[in-house]
Each structure stands twice: as structure tokens, then as C-alpha cells.
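To be precise, the following lines are query_7.txt, and they hold compact mmCIF, C-alpha atoms.
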# COMPACT_ATOMS: atom_id res chain seq x y z
CA MET A 1 0.00 0.00 0.00
CA ALA A 2 1.19 3.53 -0.63
CA ILE A 3 1.84 6.56 1.55
CA THR A 4 0.24 9.22 -0.64
CA ALA A 5 -0.48 12.89 -0.05
CA ILE A 6 -3.74 11.77 1.57
CA GLU A 7 -2.16 9.67 4.33
CA TYR A 8 0.62 12.21 4.75
CA ASN A 9 -1.69 15.19 5.23
CA ILE A 10 -4.27 13.39 7.40
CA ILE A 11 -1.66 12.07 9.81
CA ARG A 12 0.19 15.39 9.94
CA LYS A 13 -3.05 17.25 10.63
CA LEU A 14 -3.99 14.84 13.44
CA ARG A 15 -0.53 15.35 14.94
CA ASP A 16 -1.07 19.11 14.77
CA LEU A 17 -4.41 18.71 16.57
CA GLY A 18 -2.97 16.34 19.19
CA LYS A 19 -5.43 13.61 18.16
CA LEU A 20 -3.00 10.92 17.02
CA PRO A 21 -2.06 8.55 19.86
CA LEU A 22 1.57 7.54 19.45
CA SER A 23 2.60 3.93 19.86
CA SER A 24 5.71 1.80 19.55
CA ASN A 25 3.62 -1.32 19.00
CA ILE A 26 2.13 -1.03 15.50
CA LEU A 27 0.71 -3.69 13.20
CA GLU A 28 0.60 -2.72 9.54
CA ILE A 29 -1.70 -4.69 7.22
CA GLY A 30 -0.22 -4.29 3.76
CA GLU A 31 3.36 -3.01 3.70
CA SER A 32 3.48 0.67 2.78
CA ASN A 33 5.74 2.22 0.19
CA TRP A 34 6.39 5.84 -0.69
CA TYR A 35 4.05 7.04 -3.47
CA GLY A 36 6.02 10.15 -4.38
CA ASP A 37 3.39 12.89 -4.60
CA ILE A 38 4.89 14.49 -1.48
CA SER A 39 8.50 15.52 -1.98
CA VAL A 40 11.25 13.86 -0.01
CA GLU A 41 12.42 17.37 0.85
CA ALA A 42 9.09 18.01 2.61
CA LEU A 43 9.54 14.83 4.63
CA GLY A 44 13.07 15.94 5.51
CA GLN A 45 11.73 19.23 6.85
CA ASP A 46 8.96 17.50 8.80
CA ILE A 47 11.48 15.24 10.51
CA TYR A 48 12.58 18.33 12.45
CA ALA A 49 9.00 19.41 13.18
CA TYR A 50 7.45 16.06 14.18
CA GLY A 51 10.20 13.54 14.82
CA LEU A 52 11.54 12.72 18.25
CA GLU A 53 14.14 15.35 19.10
CA SER A 54 16.68 12.67 19.98
CA GLU A 55 16.24 10.98 16.59
CA ARG A 56 15.91 13.89 14.17
CA GLU A 57 19.53 14.10 13.06
CA SER A 58 19.89 10.36 12.55
CA LEU A 59 16.54 10.14 10.73
CA PHE A 60 17.53 12.93 8.36
CA ARG A 61 20.89 11.28 7.65
CA GLU A 62 19.15 7.94 7.01
CA LEU A 63 16.68 9.59 4.63
CA SER A 64 19.54 11.25 2.76
CA ARG A 65 21.38 7.94 2.50
CA ILE A 66 18.29 6.17 1.12
CA VAL A 67 17.70 8.86 -1.50
CA GLU A 68 21.35 8.94 -2.52
CA ASN A 69 21.89 5.18 -2.76
CA ARG A 70 18.40 4.14 -3.91
CA PRO A 71 18.52 0.54 -2.72
CA PRO A 72 15.99 -1.91 -4.26
CA THR A 73 13.68 -1.34 -1.28
CA PHE A 74 14.10 2.45 -1.17
CA LEU A 75 10.35 3.24 -1.51
CA PHE A 76 9.59 0.96 1.45
CA ASP A 77 12.58 2.42 3.32
CA ILE A 78 11.29 5.98 2.89
CA ALA A 79 7.90 4.87 4.22
CA LYS A 80 9.64 3.63 7.37
CA ILE A 81 11.17 7.11 7.81
CA TRP A 82 7.64 8.55 7.51
CA TYR A 83 6.45 6.21 10.26
CA LYS A 84 9.34 7.16 12.52
CA THR A 85 8.66 10.85 11.90
CA PHE A 86 4.93 10.90 12.59
CA PHE A 87 4.33 7.82 14.78
CA HIS A 88 7.78 7.76 16.45
CA ALA A 89 7.97 4.05 15.62
CA THR A 90 8.02 1.68 12.66
CA PRO A 91 5.57 -1.23 12.50
CA ALA A 92 6.54 -4.06 14.83
CA LEU A 93 4.81 -6.53 12.51
CA ILE A 94 3.66 -6.32 8.89
CA ILE A 95 1.24 -8.73 7.21
CA ASP A 96 1.24 -8.80 3.43
CA GLN A 97 1.51 -11.40 0.67
CA ASP A 98 4.21 -9.17 -0.82
CA GLY A 99 6.53 -6.62 0.75
CA PRO A 100 10.19 -7.05 1.68
CA ASN A 101 9.59 -6.99 5.43
CA ALA A 102 6.19 -8.66 5.61
CA LEU A 103 4.87 -11.88 7.08
CA SER A 104 2.95 -13.61 4.27
CA LEU A 105 -0.45 -14.73 5.62
CA ASP A 106 -3.87 -15.29 4.09
CA LEU A 107 -6.08 -12.55 5.53
CA ASN A 108 -9.19 -14.47 4.46
CA GLN A 109 -8.49 -16.82 7.37
CA ARG A 110 -8.65 -16.41 11.13
CA ILE A 111 -5.09 -15.64 12.16
CA GLU A 112 -3.78 -15.99 15.69
CA LEU A 113 -0.84 -13.74 16.55
CA ASP A 114 1.44 -13.98 19.56
CA SER A 115 0.64 -10.44 20.68
CA SER A 116 -1.91 -7.67 20.30
CA PHE A 117 -1.14 -4.12 19.24
CA ASP A 118 -1.68 -0.53 20.35
CA CYS A 119 -2.28 0.50 16.75
CA VAL A 120 -3.46 -1.50 13.71
CA ILE A 121 -3.22 0.24 10.32
CA ASN A 122 -5.06 -0.79 7.17
CA PHE A 123 -4.21 1.65 4.37
CA GLY A 124 -6.00 0.00 1.45
CA THR A 125 -5.83 -3.74 2.08
CA ALA A 126 -9.33 -4.83 3.16
CA GLU A 127 -10.84 -4.17 -0.28
CA HIS A 128 -8.57 -6.88 -1.72
CA ILE A 129 -9.73 -9.50 0.81
CA PHE A 130 -12.86 -11.43 -0.17
CA ASN A 131 -13.70 -12.50 3.39
CA VAL A 132 -14.18 -9.03 4.84
CA PHE A 133 -15.90 -10.43 7.93
CA GLN A 134 -12.76 -12.34 8.84
CA PHE A 135 -10.57 -9.35 8.03
CA PHE A 136 -12.35 -7.03 10.46
CA GLU A 137 -12.73 -9.74 13.09
CA ASN A 138 -8.97 -10.27 12.91
CA VAL A 139 -8.34 -6.55 13.28
CA HIS A 140 -10.64 -6.48 16.31
CA ARG A 141 -8.76 -9.31 18.05
CA TRP A 142 -5.32 -7.94 17.16
CA THR A 143 -6.09 -4.52 18.67
CA LYS A 144 -5.51 -4.02 22.39
CA GLN A 145 -8.17 -2.51 24.60
CA ASN A 146 -8.01 1.27 24.07
CA GLY A 147 -5.92 0.61 20.96
CA LEU A 148 -6.30 2.57 17.73
CA MET A 149 -7.62 1.16 14.43
CA ILE A 150 -6.93 3.16 11.26
CA HIS A 151 -8.69 2.26 8.02
CA GLY A 152 -8.25 3.96 4.65
CA LEU A 153 -10.39 2.28 1.97
CA PRO A 154 -11.98 3.11 -1.40
CA PHE A 155 -15.48 4.62 -1.31
CA SER A 156 -16.37 5.49 -4.91
CA GLY A 157 -14.83 4.70 -8.27
CA TRP A 158 -11.62 2.66 -8.25
CA TYR A 159 -12.88 0.31 -10.94
CA ASP A 160 -11.26 -3.15 -10.72
CA HIS A 161 -9.02 -2.00 -7.87
CA GLY A 162 -10.33 -4.63 -5.47
CA PHE A 163 -13.44 -6.60 -4.57
CA TYR A 164 -15.19 -3.87 -2.58
CA ASN A 165 -15.78 -0.19 -2.00
CA PHE A 166 -16.72 0.85 1.56
CA ASN A 167 -19.46 3.34 2.36
CA PRO A 168 -18.52 5.86 5.09
CA THR A 169 -21.59 4.63 7.00
CA PHE A 170 -20.01 1.17 7.19
CA PHE A 171 -17.47 2.47 9.70
CA TRP A 172 -20.13 4.06 11.91
CA ASP A 173 -22.12 0.80 11.89
CA LEU A 174 -18.96 -1.18 12.66
CA ALA A 175 -18.14 1.16 15.55
CA ARG A 176 -21.70 1.06 16.95
CA ALA A 177 -21.84 -2.76 16.91
CA ASN A 178 -18.52 -3.11 18.73
CA SER A 179 -18.63 -0.08 21.05
CA TYR A 180 -15.63 1.50 19.33
CA THR A 181 -14.97 5.13 20.10
CA HIS A 182 -15.17 6.93 16.78
CA LEU A 183 -12.48 9.61 16.50
CA ILE A 184 -12.76 10.94 12.95
CA THR A 185 -13.97 9.96 9.47
CA ILE A 186 -12.69 11.73 6.37
CA ASN A 187 -13.74 11.65 2.72
CA ALA A 188 -10.61 12.01 0.60
CA ILE A 189 -9.75 12.51 -3.07
CA LEU A 190 -6.19 12.03 -4.27
CA LYS A 191 -6.22 14.12 -7.47
CA PRO A 192 -6.79 16.96 -6.94
CA LEU A 193 -6.10 16.49 -3.24
CA SER A 194 -9.23 17.10 -1.16
CA LEU A 195 -10.00 16.15 2.45
CA HIS A 196 -13.41 16.63 4.06
CA GLN A 197 -14.24 15.57 7.60
CA LEU A 198 -17.60 13.81 7.95
CA GLY A 199 -18.90 14.60 11.42
CA GLY A 200 -21.55 11.88 11.41
CA ARG A 201 -24.29 10.22 9.42
CA GLU A 202 -26.53 13.27 9.12
CA GLU A 203 -23.62 15.55 8.22
CA ALA A 204 -22.57 13.06 5.55
CA ILE A 205 -26.11 13.04 4.15
CA LYS A 206 -26.05 16.82 3.90
CA TYR A 207 -22.56 16.86 2.36
CA PHE A 208 -23.26 14.24 -0.31
CA SER A 209 -26.68 15.70 -1.12
CA THR A 210 -25.07 19.03 -2.02
CA ASN A 211 -21.79 17.70 -3.46
CA LYS A 212 -21.56 15.09 -6.19
CA ILE A 213 -19.90 11.91 -4.94
CA PRO A 214 -16.43 12.00 -6.51
CA GLU A 215 -15.44 9.48 -9.16
CA ASN A 216 -12.47 8.22 -7.14
CA SER A 217 -12.68 8.88 -3.43
CA LEU A 218 -11.72 7.10 -0.24
CA THR A 219 -12.91 6.92 3.35
CA TYR A 220 -10.48 7.17 6.27
CA SER A 221 -11.75 6.18 9.69
CA PHE A 222 -9.98 6.32 13.06
CA MET A 223 -11.51 4.35 15.95
CA THR A 224 -10.40 3.09 19.35
CA LYS A 225 -11.44 -0.23 20.89
CA ALA A 226 -13.21 0.35 24.19
CA ASN A 227 -13.20 -3.21 25.53
CA ASP A 228 -12.11 -6.78 24.85
CA ALA A 229 -15.58 -8.17 24.09
CA ASP A 230 -15.87 -10.57 21.17
CA PHE A 231 -16.30 -9.06 17.73
CA LYS A 232 -19.91 -8.39 16.74
CA VAL A 233 -21.13 -8.34 13.16
CA PRO A 234 -22.52 -4.90 12.36
CA GLN A 235 -26.04 -4.51 11.06
CA GLN A 236 -26.81 -1.71 8.67
CA TYR A 237 -28.26 1.24 10.60
CA ILE A 238 -31.46 1.41 8.61
CA TYR A 239 -32.34 -2.21 9.46
CA ASP A 240 -31.41 -2.44 13.13
CA ASN A 241 -33.73 -1.82 16.07
CA THR A 242 -32.23 1.46 17.28
CA GLU A 243 -34.11 4.74 17.15
CA LYS A 244 -33.37 6.54 13.90
CA SER A 245 -33.41 10.15 12.79
CA ASN A 246 -35.99 11.18 10.20
CA THR A 247 -33.18 12.74 8.16
CA ALA A 248 -31.33 9.44 7.83
CA VAL A 249 -34.47 7.41 7.08
CA ASN A 250 -35.75 9.86 4.47
CA ALA A 251 -32.33 10.09 2.80
CA TRP A 252 -32.13 6.32 2.58
CA LYS A 253 -35.61 6.11 1.06
CA ASN A 254 -34.86 8.89 -1.44
CA LEU A 255 -31.70 7.15 -2.63
CA ARG A 256 -33.78 4.07 -3.45
CA GLY A 257 -35.75 6.16 -5.93

So, in terms of C-alpha cells, how does the structure I just supplied come out?
Amino acid sequence: MAITAIEYNIIRKLRDLGKLPLSSNILEIGESNWYGDISVEALGQDIYAYGLESERESLFRELSRIVENRPPTFLFDIAKIWYKTFFHATPALIIDQDGPNALSLDLNQRIELDSSFDCVINFGTAEHIFNVFQFFENVHRWTKQNGLMIHGLPFSGWYDHGFYNFNPTFFWDLARANSYTHLITINAILKPLSLHQLGGREEAIKYFSTNKIPENSLTYSFMTKANDADFKVPQQYIYDNTEKSNTAVNAWKNLRG
């Protein structure tokens, strides 16, 4: 998976707002490489703004060495510098069927790991996994209580990119079913770069009723796991037994035509 201008700007903004919990125990699902639409020079400058003070000089030297020597893994190596800069840690474990540093596992299956993690990151892997139930159940089990789950997945467009696109409402239903604390959901477009925070279901209805859904957009959702209860399968909001707002019900009916 790639670190694009979207991931770069979202994570940097959350750092600016003090809303990104830092962790040394990170699980990355899909090994990230550097996409290249943010300059390496910008990353070099941000090392001194966001990196640990004790590591800034060594991180900058390592980045310079990677760029100068361009080893076969240099795009993955630059991504590791990005992690160290903004998360103050690189992933302790990576699961991917490719990737030079990854553990190759079938994410369609239930996977038992030796440890759980403070932060689990899924930047564009779940859409490639047919068994999405098992994917999100795995993520749930791998995340520690009070741990952070970060998902960045296609919403609209992305023809033949993967099996699925994920509605923003999916993440709110997933959070409601499993008592996750929802931190932020963002609708993102890569070209031209656009980020729009969706404050909730009704705000999303208003936003998408007045703005055409983009041809190629993504949803980014940040949630924390409140407890260690077993994973619960979410039910779509419109069909569950909870009290519903008239705005949400009417919008759903109108979309059916």
C-alpha cells in the first residue's frame, strides 16, 4: 500500500491537533511504500517538526542515505522514515503477501498472533480480501483494549481496484456494533487532493446531497477499541432496532428512488 499525499496530510493534521495517539507497538496490514506525490524534501523538513528530538539528526541522515543510494527497497525504506517521523515508531509486525519486510499470511483466514497491538493500520488492504468479515474480526482481536484502528479504503470509483468499496456509513455501523470510540472519518480525493471531515451520518447526508460523490474517493476512519468483548457483526443502521433520525431514514428512502 502507498503513503500518498492523503495519508501524509491526514496524519500530519492529526498530529497538529494532538489527536494521534503515538505507539511503539504497531501492526501494519499491507506493507506501505512511498508514493512520491509528497516531496522527499518536505519529509526531511517535517522530521525536524514532528520527529523525536533525539532521533531527528539520525533520521535525516538515514533519509539522505536512502535517496542517494536508492537501494531496491528504497520506496519501502522511505515509508519507514515517515512512520518514525509521525508515529515515532516503525511497525513491529507487517502482514502482506508481498513486501520485503512482511509476514505472508492469508487474511481471508482467522489468524492468531502472539501479541496484540496498540495501533493497527489498514491503508487500502481490506478491499482486496474477499472474506471481509474475517478481516475485520482479525483486526478487532489484534487490537488491544483502548488501541487505535486506522482504516483507509476506497469509497467510490476505483474500478477493478479490489473486490469492494466501503461506504462511510459502514465504519459508523462497525463502531456502533462493537462499542468502538469513533475519532474521525474523512472523505478524501487524491487528485486533486481534497480532504473533508464527515462529522456523522446526518452531516454526511447533507454533504453528499449538495456535493456530487467524486469518481475516485476514499474513506479514512480512526476508531479506538473500548473493551475486549468478542467481535460483533454490524447490522446496517437502517435495518437495526435502534431509534433513527428522520433525516437518515428519508435520505435512505430517497436514494432508493

Residue contacts of range 65-69 of chain A (12 Å, only C-alpha atoms) excluding same-chain residues fewer than 2 positions away, as a PDB file with C-alpha atoms, keeping the file's coordinate frame:
ATOM      1  CA  TRP A  34       6.390   5.840  -0.690  1.00  0.00           C
ATOM      2  CA  SER A  39       8.500  15.520  -1.980  1.00  0.00           C
ATOM      3  CA  VAL A  40      11.250  13.860  -0.010  1.00  0.00           C
ATOM      4  CA  GLU A  41      12.420  17.370   0.850  1.00  0.00           C
ATOM      5  CA  LEU A  43       9.540  14.830   4.630  1.00  0.00           C
ATOM      6  CA  GLY A  44      13.070  15.940   5.510  1.00  0.00           C
ATOM      7  CA  SER A  58      19.890  10.360  12.550  1.00  0.00           C
ATOM      8  CA  LEU A  59      16.540  10.140  10.730  1.00  0.00           C
ATOM      9  CA  PHE A  60      17.530  12.930   8.360  1.00  0.00           C
ATOM     10  CA  ARG A  61      20.890  11.280   7.650  1.00  0.00           C
ATOM     11  CA  GLU A  62      19.150   7.940   7.010  1.00  0.00           C
ATOM     12  CA  LEU A  63      16.680   9.590   4.630  1.00  0.00           C
ATOM     13  CA  PRO A  71      18.520   0.540  -2.720  1.00  0.00           C
ATOM     14  CA  PRO A  72      15.990  -1.910  -4.260  1.00  0.00           C
ATOM     15  CA  THR A  73      13.680  -1.340  -1.280  1.00  0.00           C
ATOM     16  CA  PHE A  74      14.100   2.450  -1.170  1.00  0.00           C
ATOM     17  CA  LEU A  75      10.350   3.240  -1.510  1.00  0.00           C
ATOM     18  CA  PHE A  76       9.590   0.960   1.450  1.00  0.00           C
ATOM     19  CA  ASP A  77      12.580   2.420   3.320  1.00  0.00           C
ATOM     20  CA  ILE A  78      11.290   5.980   2.890  1.00  0.00           C
ATOM     21  CA  ALA A  79       7.900   4.870   4.220  1.00  0.00           C
ATOM     22  CA  LYS A  80       9.640   3.630   7.370  1.00  0.00           C
ATOM     23  CA  ILE A  81      11.170   7.110   7.810  1.00  0.00           C
TER      24      ILE A  81
END

Tell me, counting only C-alpha atoms, for each residue of range 14-40 of chain A within 12 Å of range 222-229 of chain A, which pair of atoms is nearest and how far apart they are in Å to one decimal, in rows ordered by chain and increasing number, as a tab-separated table.
residue	atom	partner	partner_atom	distance
A:Leu14	CA	A:Phe222	CA	10.4
A:Lys19	CA	A:Phe222	CA	10.0
A:Leu20	CA	A:Phe222	CA	9.2
A:Pro21	CA	A:Thr224	CA	10.0

Figure out the distance between CA of Arg201 in chain A and CA of Tyr220 in chain A, please, to one decimal in Å.
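CA of Tyr220 in chain A sits 14.5 Å away from CA of Arg201 in chain A.
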
Using Å and a single decimal, report how far CA of Ala102 in chain A sits from CA of Leu148 in chain A.
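Between these atoms lies a distance of 20.7 Å.
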
Just the residues within 9 Å of Gly200 in chain A, please, counting all atoms listed in the file, with nothing from its chain fewer than 5 positions along; format it as a ChimeraX atom specification.
/A:169,172,184-185,205

Figure out the distance between CA of Tyr237 in chain A and CA of Ile150 in chain A, please, to one decimal in Å.
21.4 Å

Between A:Leu193, A:Leu107, A:Val233, A:Ile213, which is the closest to Ser179 in chain A once you count all atoms listed in the file?
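Answer, going by the shortest atom-to-atom distance: A:Val233.
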
For range 125-134 of chain A, please output as a list in words all residues within 8 Å (counting all atoms listed in the file; exclusion window: fewer than 4 positions along the same chain).
Met1, Ile29, Gly30, Leu107, Asn108, Gln109, Arg110, Asn138, Leu153, Pro154, His161, Gly162, Phe163, Tyr164, Asn165, Phe166 and Val233 of chain A

The residues within 10 Å of (-13.9, 20.5, 3.6), using only C-alpha atoms and the coordinates of the file, should be reported as an NGL selection string; which are they?
:A and (186-188 or 194-198 or 207)

Between A:Asn146, A:Ser64, A:Ser104, A:Ser23, single out the one closest to Thr90 in chain A, counting all atoms listed in the file.
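The closest residue to Thr90 in chain A is A:Ser23.
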
Let me make sure I understand: among A:Ala92, A:Ile238, A:Leu218, A:Leu27, which one has the smallest atom-to-atom distance to Trp142 in chain A if we use all atoms listed in the file?
A:Leu27
